[in-house]
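Engineer: What follows is coords13.txt; its format and atoms are compact mmCIF, C-alpha atoms and all ligand atoms.
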# COMPACT_ATOMS: atom_id res chain seq x y z
CA MET Y 1 -6.54 7.90 23.15
CA LEU Y 2 -7.47 5.18 25.62
CA GLU Y 3 -9.42 7.71 27.73
CA VAL Y 4 -11.22 8.83 24.60
CA LEU Y 5 -12.15 5.24 23.86
CA ARG Y 6 -13.37 4.65 27.40
CA ASP Y 7 -15.66 7.66 26.99
CA LEU Y 8 -16.82 6.30 23.67
CA ALA Y 9 -17.77 3.00 25.24
CA GLY Y 10 -20.51 4.92 27.07
CA PHE Y 11 -22.36 5.48 23.81
CA ALA Y 12 -24.85 2.76 23.00
CA ASP Y 13 -25.47 4.01 19.47
CA THR Y 14 -22.95 2.32 17.17
CA GLU Y 15 -23.34 5.02 14.49
CA VAL Y 16 -22.30 7.62 17.05
CA LEU Y 17 -19.40 5.45 18.12
CA ARG Y 18 -18.27 4.93 14.53
CA GLY Y 19 -18.53 8.64 13.79
CA ARG Y 20 -16.52 9.50 16.88
CA LEU Y 21 -13.83 7.01 16.03
CA LEU Y 22 -13.65 8.37 12.51
CA ARG Y 23 -13.32 11.90 13.80
CA ALA Y 24 -10.65 10.82 16.30
CA ARG Y 25 -8.43 9.16 13.70
CA HIS Y 26 -6.02 12.09 13.61
CA LEU Y 27 -5.19 11.28 17.24
CA LEU Y 28 -3.64 8.04 16.09
CA ALA Y 29 -0.83 9.98 14.47
CA ARG Y 30 0.15 11.38 17.86
CA LEU Y 31 0.56 8.00 19.47
CA GLU Y 32 3.81 6.15 19.62
CA MET Y 33 2.78 3.31 17.37
CA THR Y 34 5.57 1.11 18.63
CA ARG Y 35 4.64 1.45 22.32
CA TYR Y 36 2.21 -1.46 22.23
CA GLY Y 37 2.83 -4.74 20.46
CA LEU Y 38 0.80 -5.06 17.27
CA ASP Y 39 -0.94 -8.08 18.76
CA GLU Y 40 -2.04 -6.47 22.03
CA PRO Y 41 -5.80 -7.12 21.67
CA GLY Y 42 -7.13 -3.64 22.57
CA TRP Y 43 -4.53 -1.90 20.47
CA ALA Y 44 -5.08 -4.21 17.50
CA ALA Y 45 -8.85 -3.57 17.70
CA LEU Y 46 -8.28 0.18 17.87
CA LEU Y 47 -6.05 0.09 14.79
CA ASP Y 48 -8.68 -1.95 12.95
CA ALA Y 49 -11.30 0.64 13.87
CA VAL Y 50 -9.53 3.90 13.09
CA THR Y 51 -7.40 3.22 10.02
CA VAL Y 52 -8.81 4.43 6.72
CA GLN Y 53 -9.08 1.82 3.99
CA GLU Y 54 -10.13 3.81 0.95
CA THR Y 55 -8.59 2.24 -2.16
CA ARG Y 56 -9.49 0.82 -5.57
CA MET Y 57 -8.01 -0.98 -8.55
CA PHE Y 58 -5.61 1.22 -10.56
CA ARG Y 59 -6.14 4.15 -8.18
CA ALA Y 60 -4.38 7.18 -9.71
CA ALA Y 61 -4.00 5.27 -12.99
CA PRO Y 62 -1.72 7.80 -14.80
CA GLN Y 63 0.99 7.27 -12.17
CA LEU Y 64 0.69 3.49 -12.53
CA GLU Y 65 0.79 3.72 -16.32
CA ALA Y 66 3.97 5.80 -16.08
CA PHE Y 67 5.43 3.15 -13.75
CA ARG Y 68 4.57 0.35 -16.18
CA ALA Y 69 5.85 2.17 -19.25
CA ARG Y 70 8.90 3.98 -17.89
CA ALA Y 71 10.15 2.30 -14.72
CA LEU Y 72 9.19 -1.37 -15.01
CA PRO Y 73 11.24 -2.18 -18.16
CA GLY Y 74 14.43 -0.97 -16.43
CA LEU Y 75 13.62 -2.94 -13.28
CA ILE Y 76 13.04 -6.11 -15.34
CA LYS Y 77 16.36 -5.60 -17.13
CA ARG Y 78 18.26 -5.10 -13.87
CA ALA Y 79 16.65 -8.21 -12.34
CA GLN Y 80 18.30 -10.39 -15.03
CA GLY Y 81 15.75 -13.17 -14.67
CA ARG Y 82 15.43 -13.14 -10.88
CA PRO Y 83 11.80 -12.67 -9.71
CA LEU Y 84 10.86 -9.01 -9.30
CA SER Y 85 9.83 -8.14 -5.77
CA LEU Y 86 6.98 -5.59 -5.61
CA VAL Y 87 5.48 -4.26 -2.40
CA SER Y 88 2.25 -2.46 -1.58
CA ALA Y 89 3.03 -0.80 1.77
CA GLY Y 90 -0.30 0.13 3.32
CA CYS Y 91 -2.27 -2.14 1.00
CA ALA Y 92 -5.65 -1.77 2.79
CA THR Y 93 -8.10 -4.27 1.22
CA GLY Y 94 -5.58 -5.35 -1.38
CA GLU Y 95 -6.64 -3.68 -4.61
CA GLU Y 96 -3.25 -1.93 -4.94
CA ALA Y 97 -1.38 -5.22 -4.54
CA TRP Y 98 -3.62 -6.90 -7.13
CA THR Y 99 -3.12 -3.92 -9.42
CA LEU Y 100 0.64 -4.42 -9.08
CA ALA Y 101 0.14 -8.07 -10.02
CA VAL Y 102 -1.77 -7.05 -13.16
CA ILE Y 103 0.94 -4.53 -14.05
CA ALA Y 104 3.75 -7.05 -13.55
CA ALA Y 105 1.97 -9.73 -15.58
CA SER Y 106 1.08 -7.36 -18.42
CA GLY Y 107 4.33 -5.38 -18.32
CA GLY Y 108 6.60 -8.20 -19.40
CA ALA Y 109 7.99 -9.48 -16.09
CA ALA Y 110 8.62 -13.21 -16.50
CA ALA Y 111 8.85 -13.83 -12.77
CA TRP Y 112 7.56 -11.61 -10.00
CA ARG Y 113 5.90 -11.61 -6.63
CA VAL Y 114 3.86 -9.01 -4.75
CA LEU Y 115 3.70 -8.50 -1.00
CA GLY Y 116 0.93 -6.41 0.59
CA LEU Y 117 1.50 -5.01 4.08
CA ASP Y 118 -1.00 -3.38 6.40
CA LEU Y 119 -1.93 -3.00 10.05
CA CYS Y 120 -5.64 -3.59 9.71
CA ARG Y 121 -6.72 -7.21 10.20
CA PRO Y 122 -10.17 -7.11 8.54
CA ALA Y 123 -8.68 -5.31 5.54
CA LEU Y 124 -6.02 -8.00 5.18
CA GLU Y 125 -8.69 -10.71 5.27
CA VAL Y 126 -10.51 -8.99 2.39
CA ALA Y 127 -7.20 -8.62 0.54
CA ALA Y 128 -6.40 -12.32 0.79
CA ARG Y 129 -9.95 -13.35 -0.21
CA ALA Y 130 -9.67 -11.05 -3.25
CA ARG Y 131 -13.33 -10.99 -4.12
CA TYR Y 132 -14.68 -7.48 -4.54
CA ARG Y 133 -17.98 -5.96 -5.49
CA LEU Y 134 -18.15 -4.32 -8.90
CA GLY Y 135 -20.11 -1.39 -7.52
CA PRO Y 136 -21.71 1.08 -7.83
CA PRO Y 137 -19.64 3.15 -7.83
CA ASP Y 138 -17.83 1.33 -10.63
CA ALA Y 139 -14.89 -0.36 -8.88
CA LEU Y 140 -13.09 -0.84 -12.20
CA ARG Y 141 -13.50 2.70 -13.49
CA GLU Y 142 -9.76 3.34 -13.59
CA VAL Y 143 -8.72 -0.07 -14.94
CA PRO Y 144 -7.40 0.21 -18.52
CA PRO Y 145 -9.60 -1.92 -20.82
CA ALA Y 146 -6.71 -4.18 -21.88
CA ASP Y 147 -5.99 -5.09 -18.25
CA ARG Y 148 -9.49 -6.38 -17.59
CA ALA Y 149 -8.47 -9.69 -19.18
CA LEU Y 150 -6.39 -10.30 -16.04
CA LEU Y 151 -9.45 -9.99 -13.83
CA ALA Y 152 -12.14 -12.59 -13.32
CA ILE Y 153 -15.64 -11.16 -13.29
CA GLU Y 154 -18.39 -13.30 -11.78
CA GLY Y 155 -21.89 -11.88 -11.35
CA ASP Y 156 -21.58 -8.63 -9.43
CA CYS Y 157 -18.06 -9.40 -8.16
CA PHE Y 158 -14.55 -9.46 -9.54
CA GLY Y 159 -11.16 -10.72 -8.45
CA PRO Y 160 -7.74 -11.31 -9.93
CA ALA Y 161 -7.38 -14.05 -12.57
CA ALA Y 162 -6.48 -17.37 -10.95
CA ALA Y 163 -2.95 -17.30 -12.42
CA LEU Y 164 -2.08 -14.17 -10.43
CA ARG Y 165 -3.14 -15.46 -7.02
CA PRO Y 166 -0.19 -17.70 -6.06
CA ARG Y 167 2.26 -14.85 -6.58
CA VAL Y 168 0.62 -12.39 -4.19
CA ALA Y 169 0.83 -12.58 -0.39
CA PHE Y 170 -0.36 -10.33 2.43
CA ARG Y 171 1.18 -9.80 5.84
CA ARG Y 172 0.27 -7.75 8.89
CA ALA Y 173 2.98 -5.23 9.62
CA ASN Y 174 3.56 -1.78 11.04
CA LEU Y 175 5.57 0.25 8.54
CA LEU Y 176 7.17 2.07 11.47
CA GLU Y 177 8.85 -1.12 12.61
CA PRO Y 178 11.60 -3.16 10.96
CA GLY Y 179 9.99 -5.61 8.59
CA LEU Y 180 11.23 -5.57 5.04
CA GLU Y 181 14.64 -7.02 4.30
CA THR Y 182 17.32 -4.49 3.36
CA ALA Y 183 17.72 -3.91 -0.41
CA SER Y 184 15.18 -6.61 -1.26
CA ALA Y 185 12.40 -4.81 -3.18
CA ASP Y 186 12.45 -3.64 -6.79
CA ALA Y 187 9.47 -1.34 -6.32
CA ILE Y 188 7.45 -0.18 -3.34
CA LEU Y 189 4.11 1.62 -3.50
CA CYS Y 190 3.29 3.64 -0.39
CA ARG Y 191 0.48 5.86 -1.56
CA ASN Y 192 -2.10 7.60 0.60
CA VAL Y 193 -0.48 6.27 3.78
CA LEU Y 194 2.09 8.87 4.86
CA ILE Y 195 -0.63 11.52 5.07
CA TYR Y 196 -1.89 9.79 8.23
CA LEU Y 197 1.48 10.02 10.02
CA THR Y 198 3.31 12.72 11.91
CA PRO Y 199 6.34 14.33 10.18
CA GLU Y 200 8.62 12.13 12.32
CA GLY Y 201 6.58 9.03 11.47
CA ARG Y 202 6.69 9.88 7.77
CA LEU Y 203 10.45 10.22 7.83
CA ALA Y 204 10.88 6.99 9.78
CA VAL Y 205 8.71 5.06 7.31
CA LEU Y 206 10.42 6.62 4.29
CA ARG Y 207 13.87 5.72 5.65
CA ARG Y 208 12.79 2.11 6.12
CA LEU Y 209 11.21 1.91 2.67
CA VAL Y 210 14.25 3.38 0.93
CA ALA Y 211 16.51 0.96 2.83
CA ALA Y 212 14.28 -1.89 1.65
CA LEU Y 213 14.63 -0.86 -2.00
CA ARG Y 214 17.34 -2.32 -4.18
CA PRO Y 215 19.66 0.30 -5.67
CA GLY Y 216 17.84 1.74 -8.67
CA GLY Y 217 14.50 0.55 -7.27
CA ALA Y 218 11.32 2.62 -7.58
CA LEU Y 219 9.26 4.21 -4.81
CA LEU Y 220 5.74 5.37 -5.67
CA LEU Y 221 4.30 7.91 -3.25
CA GLY Y 222 1.17 10.04 -3.14
CA PRO Y 223 1.24 13.27 -5.15
CA THR Y 224 1.65 15.45 -2.04
CA ASP Y 225 4.38 13.34 -0.40
CA SER Y 226 7.79 14.93 -0.74
CA PRO Y 227 10.73 12.81 0.40
CA PRO Y 228 13.50 14.81 2.09
CA ALA Y 229 16.83 15.37 0.33
CA GLU Y 230 18.68 13.12 2.82
CA LEU Y 231 17.09 10.10 1.15
CA ARG Y 232 18.73 11.02 -2.16
CA LEU Y 233 15.76 9.87 -4.22
CA LYS Y 234 15.61 10.97 -7.83
CA PRO Y 235 12.25 11.82 -9.39
CA LEU Y 236 11.50 9.80 -12.52
CA GLY Y 237 10.57 13.12 -14.05
CA GLY Y 238 8.46 14.00 -17.08
CA ASP Y 239 4.77 13.71 -16.37
CA ALA Y 240 5.29 10.96 -13.76
CA VAL Y 241 4.23 12.52 -10.48
CA GLY Y 242 5.29 10.73 -7.29
CA ILE Y 243 7.66 8.16 -8.83
CA TRP Y 244 11.09 8.19 -7.24
CA ARG Y 245 14.19 6.08 -7.83
CA ARG Y 246 16.68 5.02 -5.20
CA GLU Y 247 20.18 5.99 -6.24
CA ASP Y 248 22.02 3.04 -7.65
CA ASP Y 249 25.55 2.19 -6.58
CA ASN Y 250 26.95 4.31 -9.41
CA GLY Y 251 25.01 7.41 -8.30
C1 LIG T 1 -6.09 5.03 2.56
S1 LIG T 1 -5.38 3.42 2.60
C2 LIG T 1 -4.37 3.46 1.16
C3 LIG T 1 -4.45 2.16 0.39
C4 LIG T 1 -3.63 2.13 -0.89
N1 LIG T 1 -2.23 2.32 -0.60
C5 LIG T 1 -4.12 3.14 -1.89
O1 LIG T 1 -3.46 4.17 -2.10
O2 LIG T 1 -5.19 2.94 -2.49
C6 LIG T 1 -4.17 3.60 3.93
C7 LIG T 1 -3.77 2.25 4.55
O3 LIG T 1 -2.55 2.44 5.26
C8 LIG T 1 -2.59 1.60 6.40
N2 LIG T 1 -1.61 2.10 7.38
C9 LIG T 1 -1.60 3.30 8.01
N3 LIG T 1 -0.54 3.39 8.83
C10 LIG T 1 0.14 2.21 8.72
C11 LIG T 1 1.30 1.68 9.33
N4 LIG T 1 2.00 2.38 10.23
N5 LIG T 1 1.70 0.43 9.00
C12 LIG T 1 0.99 -0.30 8.09
N6 LIG T 1 -0.12 0.15 7.49
C13 LIG T 1 -0.55 1.39 7.80
C14 LIG T 1 -4.04 1.69 6.87
O4 LIG T 1 -4.40 0.59 7.69
C15 LIG T 1 -4.79 1.72 5.54
O5 LIG T 1 -5.23 0.44 5.17
For this file, write the structure as structure tokens.
Structural biologist:
Amino acid sequence: MLEVLRDLAGFADTEVLRGRLLRARHLLARLEMTRYGLDEPGWAALLDAVTVQETRMFRAAPQLEAFRARALPGLIKRAQGRPLSLVSAGCATGEEAWTLAVIAASGGAAAWRVLGLDLCRPALEVAARARYRLGPPDALREVPPADRALLAIEGDCFGPAAALRPRVAFRRANLLEPGLETASADAILCRNVLIYLTPEGRLAVLRRLVAALRPGGALLLGPTDSPPAELRLKPLGGDAVGIWRREDDNG
């Protein structure tokens, strides 16, 4: 990859460079992501350049609606008043984490917090600023009308309502490395992230995420992600695609 980048540096045209980097992003999956420290400047810049940040509020809304209606009430009950811990693993520019905040606030959780994790530094800056353009294309096209009350719209921008902000935090992290505390999260969303990893990388990330879930906790994956049997995840079932539950202590 480094040789490829050295070659790329020979191109003066930034559009060419950007296009090449975009086309080379599959190479990232072949690298040992843990070989360089996350803060090694060249490596950090490369990760910023080649990771794909496509996301939006309430992306894949039917899955999120199923989570709110069918998984969240059980998680709230189990928490018995302790703050729910919700994680967006691979949060990109933050819309998924803010969506989780809207869902928690509207879904009856009295106390909750959301943590967004990602590798990409510019994306995390956008996530923390939480001021997004309305579009076009319509950035709120998947947001259920009732949830718009939890967003603040100003001119051609929107962000989360002020009350949500103190409960959401973002942190730079590599999902392939230890990071989340064992059995600490009630729900983890890791959607449209595993597709960029090798089979070994996918398994390593899934093992870490499942270990970070509390027993009975929920894992939301992309529709094509299939967790291996060794993880003993149970699908929520019905029409809820990609929602999995960690076995609780009673099986
Ligand atoms: C396409 S976005 C998905 C955003 C959001 N989860 C969604 O579904 O809308 C993928 C994100 O995963 C992040 N990512 C990829 N590999 C990662 C890793 N090993 N650790 C942390 N973040 C990673 C990328 O930086 C990117 O922001």
Engineer: Report, as AutoDock Vina command-line options, the centre and edge lengths in Å (one decimal) of the axis-aligned box enclosing every listed atom of ligand LIG 1 (chain T), padded by 8 Å on each side.
Structural biologist:
--center_x -2.0 --center_y 2.4 --center_z 3.9 --size_x 24.1 --size_y 21.3 --size_z 28.7
Engineer: Using all atoms listed in the file, which residues have at least one atom no more than 6 Å from ligand LIG 1 (chain T)? Output them as a list in words.
Structural biologist: Thr51, Val52, Gln53, Glu54, Thr55, Arg56, Arg59, Gly90, Cys91, Ala92, Glu96, Asp118, Leu119, Cys120, Ala173, Asn174, Leu175, Leu176, Cys190, Arg191, Asn192 and Val193 of chain Y
Engineer: Could you tell me which of Y:Gly107, Y:Ala123, Y:Leu140, Y:Cys157 comes closest to Y:Arg70 if we count only C-alpha atoms?
Structural biologist: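 Smallest distance to Y:Arg70 is found for Y:Gly107.
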Engineer: Skipping near chain neighbours, those fewer than 4 positions away, what residues fall within 6 Å of Y:Ser184 using all atoms listed in the file, listed as a PyMOL selection string?
Structural biologist: chain Y and resi 212-214
Engineer: So how many Å separate atom CA of Y:Leu203 and atom CA of Y:Gly42, to one decimal?
Structural biologist: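 Separation of atom CA of Y:Leu203 and atom CA of Y:Gly42: 26.8 Å.
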Engineer: For Y:Leu151, which residue out of Y:Leu86, Y:Ala61, Y:Leu180, Y:Leu164 is the nearest one, using all atoms listed in the file?
Structural biologist: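 Ranked by minimum distance to Y:Leu151, first place goes to Y:Leu164.
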Engineer: Between atom CA of Y:Arg82 and atom CA of Y:Glu177, what is the distance, to one decimal in Å?
Structural biologist: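 Atom-to-atom, atom CA of Y:Arg82 and atom CA of Y:Glu177 are spaced 27.2 Å apart.
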Engineer: Identify which of the residues Y:Ala162, Y:Ile103, Y:Arg68, Y:Pro62 lies closest to Y:Pro223, counting all atoms listed in the file when measuring atom-to-atom distances.
Structural biologist: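 Looking at the shortest contact to Y:Pro223, the residue is Y:Pro62.
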Engineer: Find, counting all atoms listed in the file, the residue in Y:Gly238, Y:Gly19, Y:Pro41, Y:Gly108 that gets nearest to Y:Gly74.
Structural biologist: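 Result for the nearest residue to Y:Gly74: Y:Gly108.
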Engineer: I want to know what sits within 8 Å of Y:Tyr132, based on all atoms listed in the file, with residues of the same chain fewer than 2 positions away left out; could you give that as a PyMOL selection string?
Structural biologist: chain Y and resi 130+134+157-159
Engineer: For stretch 78-113 of chain Y, where the input has fewer atoms than it should, I would like N, CA and C atoms rebuilt and written as a PDB file, in the frame of the given file.
Structural biologist:
ATOM      1  N   ARG Y  78      17.310  -4.973 -14.986  1.00  0.00           N
ATOM      2  CA  ARG Y  78      18.260  -5.100 -13.870  1.00  0.00           C
ATOM      3  C   ARG Y  78      18.127  -6.447 -13.168  1.00  0.00           C
ATOM      4  N   ALA Y  79      16.888  -6.969 -13.098  1.00  0.00           N
ATOM      5  CA  ALA Y  79      16.650  -8.210 -12.340  1.00  0.00           C
ATOM      6  C   ALA Y  79      17.321  -9.414 -13.003  1.00  0.00           C
ATOM      7  N   GLN Y  80      17.592  -9.327 -14.286  1.00  0.00           N
ATOM      8  CA  GLN Y  80      18.300 -10.390 -15.030  1.00  0.00           C
ATOM      9  C   GLN Y  80      17.716 -11.775 -14.738  1.00  0.00           C
ATOM     10  N   GLY Y  81      16.391 -11.858 -14.797  1.00  0.00           N
ATOM     11  CA  GLY Y  81      15.750 -13.170 -14.670  1.00  0.00           C
ATOM     12  C   GLY Y  81      15.325 -13.526 -13.257  1.00  0.00           C
ATOM     13  N   ARG Y  82      15.884 -12.850 -12.249  1.00  0.00           N
ATOM     14  CA  ARG Y  82      15.430 -13.140 -10.880  1.00  0.00           C
ATOM     15  C   ARG Y  82      14.009 -12.567 -10.709  1.00  0.00           C
ATOM     16  N   PRO Y  83      13.169 -13.178  -9.860  1.00  0.00           N
ATOM     17  CA  PRO Y  83      11.800 -12.670  -9.710  1.00  0.00           C
ATOM     18  C   PRO Y  83      11.803 -11.234  -9.180  1.00  0.00           C
ATOM     19  N   LEU Y  84      11.004 -10.385  -9.790  1.00  0.00           N
ATOM     20  CA  LEU Y  84      10.860  -9.010  -9.300  1.00  0.00           C
ATOM     21  C   LEU Y  84      10.092  -9.034  -7.995  1.00  0.00           C
ATOM     22  N   SER Y  85      10.525  -8.211  -7.063  1.00  0.00           N
ATOM     23  CA  SER Y  85       9.830  -8.140  -5.770  1.00  0.00           C
ATOM     24  C   SER Y  85       9.128  -6.781  -5.671  1.00  0.00           C
ATOM     25  N   LEU Y  86       7.790  -6.812  -5.617  1.00  0.00           N
ATOM     26  CA  LEU Y  86       6.980  -5.590  -5.610  1.00  0.00           C
ATOM     27  C   LEU Y  86       6.187  -5.545  -4.315  1.00  0.00           C
ATOM     28  N   VAL Y  87       6.116  -4.361  -3.720  1.00  0.00           N
ATOM     29  CA  VAL Y  87       5.480  -4.260  -2.400  1.00  0.00           C
ATOM     30  C   VAL Y  87       4.413  -3.164  -2.418  1.00  0.00           C
ATOM     31  N   SER Y  88       3.263  -3.471  -1.844  1.00  0.00           N
ATOM     32  CA  SER Y  88       2.250  -2.460  -1.580  1.00  0.00           C
ATOM     33  C   SER Y  88       2.265  -2.221  -0.074  1.00  0.00           C
ATOM     34  N   ALA Y  89       2.847  -1.102   0.339  1.00  0.00           N
ATOM     35  CA  ALA Y  89       3.030  -0.800   1.770  1.00  0.00           C
ATOM     36  C   ALA Y  89       1.861   0.069   2.225  1.00  0.00           C
ATOM     37  N   GLY Y  90       0.969  -0.524   2.999  1.00  0.00           N
ATOM     38  CA  GLY Y  90      -0.300   0.130   3.320  1.00  0.00           C
ATOM     39  C   GLY Y  90      -1.290  -0.272   2.241  1.00  0.00           C
ATOM     40  N   CYS Y  91      -1.519  -1.596   2.149  1.00  0.00           N
ATOM     41  CA  CYS Y  91      -2.270  -2.140   1.000  1.00  0.00           C
ATOM     42  C   CYS Y  91      -3.777  -2.100   1.235  1.00  0.00           C
ATOM     43  N   ALA Y  92      -4.219  -1.797   2.466  1.00  0.00           N
ATOM     44  CA  ALA Y  92      -5.650  -1.770   2.790  1.00  0.00           C
ATOM     45  C   ALA Y  92      -6.301  -3.096   2.361  1.00  0.00           C
ATOM     46  N   THR Y  93      -7.386  -3.041   1.593  1.00  0.00           N
ATOM     47  CA  THR Y  93      -8.100  -4.270   1.220  1.00  0.00           C
ATOM     48  C   THR Y  93      -7.500  -4.971   0.000  1.00  0.00           C
ATOM     49  N   GLY Y  94      -6.334  -4.548  -0.418  1.00  0.00           N
ATOM     50  CA  GLY Y  94      -5.580  -5.350  -1.380  1.00  0.00           C
ATOM     51  C   GLY Y  94      -5.611  -4.939  -2.837  1.00  0.00           C
ATOM     52  N   GLU Y  95      -6.506  -4.018  -3.193  1.00  0.00           N
ATOM     53  CA  GLU Y  95      -6.640  -3.680  -4.610  1.00  0.00           C
ATOM     54  C   GLU Y  95      -5.320  -3.188  -5.211  1.00  0.00           C
ATOM     55  N   GLU Y  96      -4.525  -2.447  -4.407  1.00  0.00           N
ATOM     56  CA  GLU Y  96      -3.250  -1.930  -4.940  1.00  0.00           C
ATOM     57  C   GLU Y  96      -2.272  -3.081  -5.214  1.00  0.00           C
ATOM     58  N   ALA Y  97      -2.263  -4.069  -4.334  1.00  0.00           N
ATOM     59  CA  ALA Y  97      -1.380  -5.220  -4.540  1.00  0.00           C
ATOM     60  C   ALA Y  97      -1.814  -6.001  -5.780  1.00  0.00           C
ATOM     61  N   TRP Y  98      -3.139  -6.183  -5.946  1.00  0.00           N
ATOM     62  CA  TRP Y  98      -3.620  -6.900  -7.130  1.00  0.00           C
ATOM     63  C   TRP Y  98      -3.382  -6.090  -8.392  1.00  0.00           C
ATOM     64  N   THR Y  99      -3.450  -4.774  -8.266  1.00  0.00           N
ATOM     65  CA  THR Y  99      -3.120  -3.920  -9.420  1.00  0.00           C
ATOM     66  C   THR Y  99      -1.656  -4.121  -9.804  1.00  0.00           C
ATOM     67  N   LEU Y 100      -0.777  -4.179  -8.803  1.00  0.00           N
ATOM     68  CA  LEU Y 100       0.640  -4.420  -9.080  1.00  0.00           C
ATOM     69  C   LEU Y 100       0.825  -5.767  -9.798  1.00  0.00           C
ATOM     70  N   ALA Y 101       0.059  -6.752  -9.382  1.00  0.00           N
ATOM     71  CA  ALA Y 101       0.140  -8.070 -10.020  1.00  0.00           C
ATOM     72  C   ALA Y 101      -0.252  -7.966 -11.502  1.00  0.00           C
ATOM     73  N   VAL Y 102      -1.323  -7.227 -11.768  1.00  0.00           N
ATOM     74  CA  VAL Y 102      -1.770  -7.050 -13.160  1.00  0.00           C
ATOM     75  C   VAL Y 102      -0.684  -6.328 -13.967  1.00  0.00           C
ATOM     76  N   ILE Y 103      -0.095  -5.312 -13.357  1.00  0.00           N
ATOM     77  CA  ILE Y 103       0.940  -4.530 -14.050  1.00  0.00           C
ATOM     78  C   ILE Y 103       2.171  -5.396 -14.338  1.00  0.00           C
ATOM     79  N   ALA Y 104       2.569  -6.187 -13.350  1.00  0.00           N
ATOM     80  CA  ALA Y 104       3.750  -7.050 -13.550  1.00  0.00           C
ATOM     81  C   ALA Y 104       3.480  -8.068 -14.652  1.00  0.00           C
ATOM     82  N   ALA Y 105       2.295  -8.681 -14.602  1.00  0.00           N
ATOM     83  CA  ALA Y 105       1.970  -9.730 -15.580  1.00  0.00           C
ATOM     84  C   ALA Y 105       1.846  -9.152 -16.989  1.00  0.00           C
ATOM     85  N   SER Y 106       1.304  -7.945 -17.087  1.00  0.00           N
ATOM     86  CA  SER Y 106       1.080  -7.360 -18.420  1.00  0.00           C
ATOM     87  C   SER Y 106       2.303  -6.580 -18.894  1.00  0.00           C
ATOM     88  N   GLY Y 107       3.197  -6.257 -17.963  1.00  0.00           N
ATOM     89  CA  GLY Y 107       4.330  -5.380 -18.320  1.00  0.00           C
ATOM     90  C   GLY Y 107       5.580  -6.132 -18.715  1.00  0.00           C
ATOM     91  N   GLY Y 108       5.483  -7.448 -18.857  1.00  0.00           N
ATOM     92  CA  GLY Y 108       6.600  -8.200 -19.400  1.00  0.00           C
ATOM     93  C   GLY Y 108       7.508  -8.853 -18.372  1.00  0.00           C
ATOM     94  N   ALA Y 109       7.149  -8.809 -17.093  1.00  0.00           N
ATOM     95  CA  ALA Y 109       7.990  -9.480 -16.090  1.00  0.00           C
ATOM     96  C   ALA Y 109       7.737 -10.989 -16.170  1.00  0.00           C
ATOM     97  N   ALA Y 110       8.799 -11.758 -16.387  1.00  0.00           N
ATOM     98  CA  ALA Y 110       8.620 -13.210 -16.500  1.00  0.00           C
ATOM     99  C   ALA Y 110       8.345 -13.805 -15.129  1.00  0.00           C
ATOM    100  N   ALA Y 111       9.037 -13.318 -14.126  1.00  0.00           N
ATOM    101  CA  ALA Y 111       8.850 -13.830 -12.770  1.00  0.00           C
ATOM    102  C   ALA Y 111       8.721 -12.645 -11.827  1.00  0.00           C
ATOM    103  N   TRP Y 112       7.799 -12.728 -10.927  1.00  0.00           N
ATOM    104  CA  TRP Y 112       7.560 -11.610 -10.000  1.00  0.00           C
ATOM    105  C   TRP Y 112       6.742 -12.116  -8.824  1.00  0.00           C
ATOM    106  N   ARG Y 113       6.793 -11.343  -7.751  1.00  0.00           N
ATOM    107  CA  ARG Y 113       5.900 -11.610  -6.630  1.00  0.00           C
ATOM    108  C   ARG Y 113       5.515 -10.265  -6.007  1.00  0.00           C
TER     109      ARG Y 113
END
